[in-house]
file start_39.txt (compact mmCIF, C-alpha atoms)
# COMPACT_ATOMS: atom_id res chain seq x y z
CA MET A 1275 109.37 93.82 77.17
CA ASN A 1276 105.82 94.14 78.49
CA SER A 1277 102.78 95.23 76.51
CA ASN A 1278 103.84 98.88 76.86
CA GLY A 1279 106.63 98.97 74.28
CA ASN A 1280 108.51 101.70 76.12
CA ILE A 1281 108.89 99.81 79.40
CA PRO A 1282 111.46 97.05 79.94
CA GLY A 1283 110.16 93.69 81.13
CA THR A 1284 112.10 93.94 84.39
CA ILE A 1285 113.23 96.93 86.46
CA SER A 1286 115.35 96.30 89.55
CA LEU A 1287 115.61 98.83 92.37
CA ILE A 1288 118.73 98.97 94.54
CA GLY A 1289 119.73 101.27 97.38
CA MET A 1290 120.15 101.60 101.11
CA PRO A 1291 117.50 100.55 103.61
CA GLY A 1292 115.24 103.58 103.86
CA ALA A 1293 115.75 104.71 100.25
CA GLY A 1294 112.16 103.83 99.37
CA LYS A 1295 112.65 100.77 97.17
CA SER A 1296 109.46 99.05 98.36
CA THR A 1297 107.32 102.18 98.43
CA VAL A 1298 108.50 103.45 95.04
CA GLY A 1299 108.43 99.92 93.64
CA VAL A 1300 104.71 99.47 94.31
CA VAL A 1301 103.88 102.75 92.53
CA LEU A 1302 106.31 102.02 89.68
CA ALA A 1303 104.72 98.60 89.16
CA LYS A 1304 101.26 100.17 88.94
CA LEU A 1305 102.41 102.85 86.51
CA SER A 1306 104.34 100.41 84.31
CA GLY A 1307 101.88 97.53 84.32
CA LEU A 1308 104.53 95.20 85.75
CA ARG A 1309 104.05 92.99 88.79
CA PHE A 1310 105.81 93.91 92.05
CA VAL A 1311 108.31 91.63 93.80
CA ASP A 1312 109.75 92.63 97.17
CA THR A 1313 112.68 90.32 97.88
CA ASP A 1314 112.63 91.15 101.60
CA LEU A 1315 109.07 89.77 101.72
CA GLU A 1316 110.08 86.75 99.62
CA ILE A 1317 112.86 86.00 102.13
CA GLN A 1318 110.52 86.36 105.10
CA GLN A 1319 107.91 84.08 103.52
CA ARG A 1320 110.49 81.46 102.60
CA GLU A 1321 112.15 81.47 106.03
CA GLN A 1322 108.94 82.02 108.04
CA ALA A 1323 110.79 84.72 110.00
CA THR A 1324 111.34 88.46 109.89
CA LEU A 1325 114.65 89.78 108.58
CA GLN A 1326 115.52 90.91 112.10
CA ALA A 1327 114.84 87.41 113.48
CA ILE A 1328 117.05 85.87 110.78
CA LEU A 1329 119.81 88.31 111.70
CA GLU A 1330 119.51 87.55 115.40
CA GLN A 1331 119.35 83.76 114.95
CA SER A 1332 121.74 83.19 112.03
CA GLY A 1333 123.72 86.38 111.45
CA TYR A 1334 124.03 88.89 108.62
CA LEU A 1335 126.11 86.64 106.36
CA ARG A 1336 123.37 84.00 106.41
CA LEU A 1337 120.77 86.66 105.57
CA ARG A 1338 122.88 87.74 102.60
CA ALA A 1339 123.20 84.10 101.46
CA ILE A 1340 119.41 83.63 101.66
CA GLU A 1341 118.92 86.86 99.69
CA GLN A 1342 121.28 85.58 97.01
CA GLU A 1343 119.47 82.20 96.80
CA VAL A 1344 116.09 83.92 96.49
CA LEU A 1345 117.24 86.30 93.74
CA LEU A 1346 119.10 83.65 91.76
CA HIS A 1347 116.00 81.45 91.66
CA SER A 1348 113.11 83.94 91.44
CA ASN A 1349 111.14 84.62 88.31
CA LEU A 1350 112.19 88.12 87.26
CA ASP A 1351 109.98 88.40 84.17
CA ASN A 1352 107.62 91.37 83.89
CA ALA A 1353 108.38 92.71 87.35
CA VAL A 1354 109.63 95.63 89.34
CA ILE A 1355 112.08 94.03 91.76
CA SER A 1356 112.63 95.73 95.12
CA THR A 1357 115.89 94.26 96.37
CA GLY A 1358 117.36 94.17 99.84
CA GLY A 1359 120.01 96.78 100.52
CA SER A 1360 122.79 94.19 100.65
CA VAL A 1361 122.11 92.71 97.20
CA VAL A 1362 125.18 94.48 95.80
CA TYR A 1363 127.47 92.13 97.74
CA SER A 1364 126.55 89.35 95.27
CA ALA A 1365 128.16 89.77 91.86
CA ALA A 1366 126.16 86.77 90.57
CA VAL A 1367 122.84 88.36 91.53
CA MET A 1368 123.83 91.73 90.11
CA ARG A 1369 124.80 90.09 86.78
CA ARG A 1370 121.39 88.40 86.70
CA LEU A 1371 119.49 91.60 87.51
CA ARG A 1372 121.39 93.59 84.89
CA ALA A 1373 120.75 90.90 82.27
CA ALA A 1374 117.02 91.07 83.06
CA GLY A 1375 116.68 94.84 82.59
CA PRO A 1376 117.83 98.18 83.94
CA VAL A 1377 119.06 98.44 87.53
CA VAL A 1378 117.95 101.69 89.17
CA TYR A 1379 119.82 103.09 92.16
CA LEU A 1380 117.56 105.08 94.48
CA GLU A 1381 120.16 107.48 95.80
CA THR A 1382 119.41 109.39 98.97
CA ASP A 1383 121.58 111.47 101.28
CA LEU A 1384 122.72 109.94 104.55
CA ALA A 1385 120.75 112.33 106.79
CA THR A 1386 117.45 111.46 105.06
CA LEU A 1387 118.19 107.75 105.22
CA GLU A 1388 119.10 107.90 108.91
CA ARG A 1389 115.86 109.75 109.66
CA ARG A 1390 113.78 107.19 107.75
CA VAL A 1391 115.50 104.19 109.34
CA ALA A 1392 115.15 105.68 112.83
CA ALA A 1393 111.39 105.91 112.22
CA ALA A 1394 111.29 102.13 111.58
CA PRO A 1395 113.69 100.41 113.99
CA LEU A 1396 114.57 96.71 113.70
CA ARG A 1397 114.59 96.77 109.90
CA GLY A 1398 116.90 93.78 109.60
CA ILE A 1399 119.86 95.49 107.94
CA ALA A 1400 122.30 92.81 106.73
CA SER A 1401 125.54 94.19 108.15
CA SER A 1402 127.84 93.62 111.06
CA SER A 1403 126.38 94.86 114.34
CA ARG A 1404 129.70 96.63 114.89
CA GLN A 1405 129.07 98.89 111.88
CA THR A 1406 127.18 102.15 112.20
CA TYR A 1407 124.57 102.97 109.59
CA ALA A 1408 126.93 105.67 108.25
CA GLU A 1409 129.68 103.06 107.85
CA VAL A 1410 127.33 100.73 105.98
CA TYR A 1411 126.31 103.66 103.76
CA ALA A 1412 129.98 104.47 103.02
CA GLU A 1413 130.73 100.82 102.24
CA ARG A 1414 127.73 100.21 99.97
CA THR A 1415 127.47 103.48 98.04
CA PRO A 1416 130.37 102.67 95.67
CA LEU A 1417 128.82 99.26 94.99
CA TYR A 1418 125.43 100.77 94.16
CA ARG A 1419 127.14 103.16 91.77
CA GLN A 1420 129.14 100.33 90.22
CA TYR A 1421 126.10 98.22 89.39
CA THR A 1422 123.53 100.84 88.44
CA ASP A 1423 122.29 101.66 84.96
CA ILE A 1424 120.21 104.62 86.15
CA THR A 1425 120.54 106.76 89.27
CA VAL A 1426 117.47 108.58 90.59
CA ASP A 1427 117.41 111.03 93.49
CA ALA A 1428 114.93 109.31 95.79
CA GLY A 1429 114.68 112.44 97.92
CA ALA A 1430 113.54 114.66 95.05
CA GLY A 1431 109.79 114.91 95.45
CA GLY A 1432 107.24 112.37 96.53
CA VAL A 1433 106.87 108.71 95.66
CA ASP A 1434 104.95 109.47 92.45
CA ASP A 1435 107.67 111.91 91.36
CA VAL A 1436 110.42 109.35 91.91
CA ALA A 1437 108.47 106.60 90.11
CA GLY A 1438 107.81 109.00 87.20
CA ALA A 1439 111.51 109.91 87.01
CA ILE A 1440 112.36 106.21 86.78
CA LEU A 1441 109.81 105.61 84.02
CA ARG A 1442 111.19 108.49 81.97
CA GLN A 1443 114.70 107.06 82.19
CA VAL A 1444 114.08 103.33 81.66
CA ALA A 1445 112.63 103.52 78.13
CA PRO A 1446 116.09 103.68 76.48
CA HIS A 1447 117.03 100.52 78.43
CA ARG A 1448 114.37 98.26 76.94
CA ASN A 1449 115.40 94.62 77.01
CA THR A 1450 114.26 93.52 73.56
CA THR A 1451 115.62 89.98 73.91
CA GLY A 1452 113.36 89.19 76.85
CA CYS A 1453 114.30 88.05 80.31
CA SER A 1454 115.22 84.62 81.45
CA GLY A 1455 112.96 83.85 84.41
CA GLN A 1456 115.27 81.15 85.77

call {"tool": "encode", "arguments": {"input": "start_39.txt", "output": "structure tokens"}}
result
Amino acid sequence: MNSNGNIPGTISLIGMPGAGKSTVGVVLAKLSGLRFVDTDLEIQQREQATLQAILEQSGYLRLRAIEQEVLLHSNLDNAVISTGGSVVYSAAVMRRLRAAGPVVYLETDLATLERRVAAAPLRGIASSSRQTYAEVYAERTPLYRQYTDITVDAGAGGVDDVAGAILRQVAPHRNTTGCSGQ
């Protein structure tokens, strides 16, 4: 638990690409006093390549493996963790995130997500190139719901509204035993 007794020491954000995990995560970190960790950026720094370049050179399964390595070995203490959209394919990572603190699913309807992703092409979505975005959405949604502690409508209001909704819901999920950073 951080210095604000009502906020868990770690809050992990999951959801589809375009749900707003990074954008909401930055605001949530500021409001909660936690540091912000964007695993997509961690992957890019480690690999010295964009997610799209990793996909093109090594494939989506390699990108998922790198994501798993990064999340299994990152310090999760006192942080808002913005995960990649494919994190839910790793049961080991999801166990670690849930042990660290509440996992928040930023749920958004498919039409909104498609509009947001279309505005930022070449996002590096870790899925088969044969799958449409709608198919990826249909495949991942049950996994997000399986692993979440809290679901927040990421399309309800602006970034500050979504971050505030998360803060109101995480207090009952305080991790009083602390988080193992490794």

call {"tool": "closest_residue", "arguments": {"input": "start_39.txt", "among": "A:Val1362, A:Ile1399, A:Ala1412, A:Ala1445", "to": "Glu1330 in chain A", "atoms": "all atoms listed in the file"}}
result
A:Ile1399

call {"tool": "closest_residue", "arguments": {"input": "start_39.txt", "among": "A:Asp1383, A:Ala1353, A:Ser1401, A:Glu1413", "to": "Leu1335 in chain A", "atoms": "all atoms listed in the file"}}
result
A:Ser1401

call {"tool": "closest_residue", "arguments": {"input": "start_39.txt", "among": "A:Asp1434, A:Glu1409, A:Glu1381, A:Asp1427", "to": "Ile1288 in chain A", "atoms": "all atoms listed in the file"}}
result
A:Glu1381

call {"tool": "atom_distance", "arguments": {"input": "start_39.txt", "atom1": "CA of Gly1429 in chain A", "atom2": "CA of Ser1286 in chain A"}}
result
18.2 Å

call {"tool": "atom_distance", "arguments": {"input": "start_39.txt", "atom1": "CA of Val1300 in chain A", "atom2": "CA of Ile1440 in chain A"}}
result
12.7 Å

call {"tool": "residues_near_point", "arguments": {"input": "start_39.txt", "point": "(121.1, 88.8, 108.9)", "cutoff": "8 Å", "atoms": "all atoms listed in the file", "output": "list of chain:residue names"}}
result
A:Leu1325, A:Gln1326, A:Ala1327, A:Ile1328, A:Leu1329, A:Glu1330, A:Ser1332, A:Gly1333, A:Tyr1334, A:Leu1335, A:Arg1336, A:Leu1337, A:Arg1338, A:Gly1398, A:Ile1399, A:Ala1400, A:Ser1401

call {"tool": "atom_distance", "arguments": {"input": "start_39.txt", "atom1": "CA of Gly1375 in chain A", "atom2": "CA of Met1290 in chain A"}}
result
20.0 Å

call {"tool": "closest_residue", "arguments": {"input": "start_39.txt", "among": "A:Tyr1379, A:Tyr1421, A:Tyr1411, A:Tyr1363", "to": "Gly1299 in chain A", "atoms": "all atoms listed in the file"}}
result
A:Tyr1379

call {"tool": "closest_residue", "arguments": {"input": "start_39.txt", "among": "A:Arg1372, A:Arg1320, A:Lys1304, A:Arg1390", "to": "Leu1287 in chain A", "atoms": "all atoms listed in the file"}}
result
A:Arg1372

call {"tool": "residues_around", "arguments": {"input": "start_39.txt", "residues": "range 1367-1371 of chain A", "least_positions_apart": "4", "cutoff": "10 Å", "atoms": "all atoms listed in the file", "output": "PyMOL selection string"}}
result
chain A and resi 1284-1288+1341-1347+1350+1355+1357+1361-1363+1375-1377+1421-1422+1453-1456

call {"tool": "closest_residue", "arguments": {"input": "start_39.txt", "among": "A:Ala1430, A:Val1354, A:Ala1365, A:Leu1417", "to": "Ser1296 in chain A", "atoms": "only C-alpha atoms"}}
result
A:Val1354

call {"tool": "residues_around", "arguments": {"input": "start_39.txt", "residues": "Glu1388 in chain A", "least_positions_apart": "4", "cutoff": "10 Å", "atoms": "only C-alpha atoms", "output": "VMD selection string"}}
result
chain A and resid 1291 to 1293 1383 to 1384 1392 to 1393 1407 to 1408 1411

call {"tool": "axis_aligned_box", "arguments": {"input": "start_39.txt", "around": "range 1279-1298 of chain A", "padding_each_side": "5 Å", "output": "JSON"}}
result
{"center_x": 113.4, "center_y": 99.2, "center_z": 89.1, "size_x": 23.5, "size_y": 21.0, "size_z": 39.6}
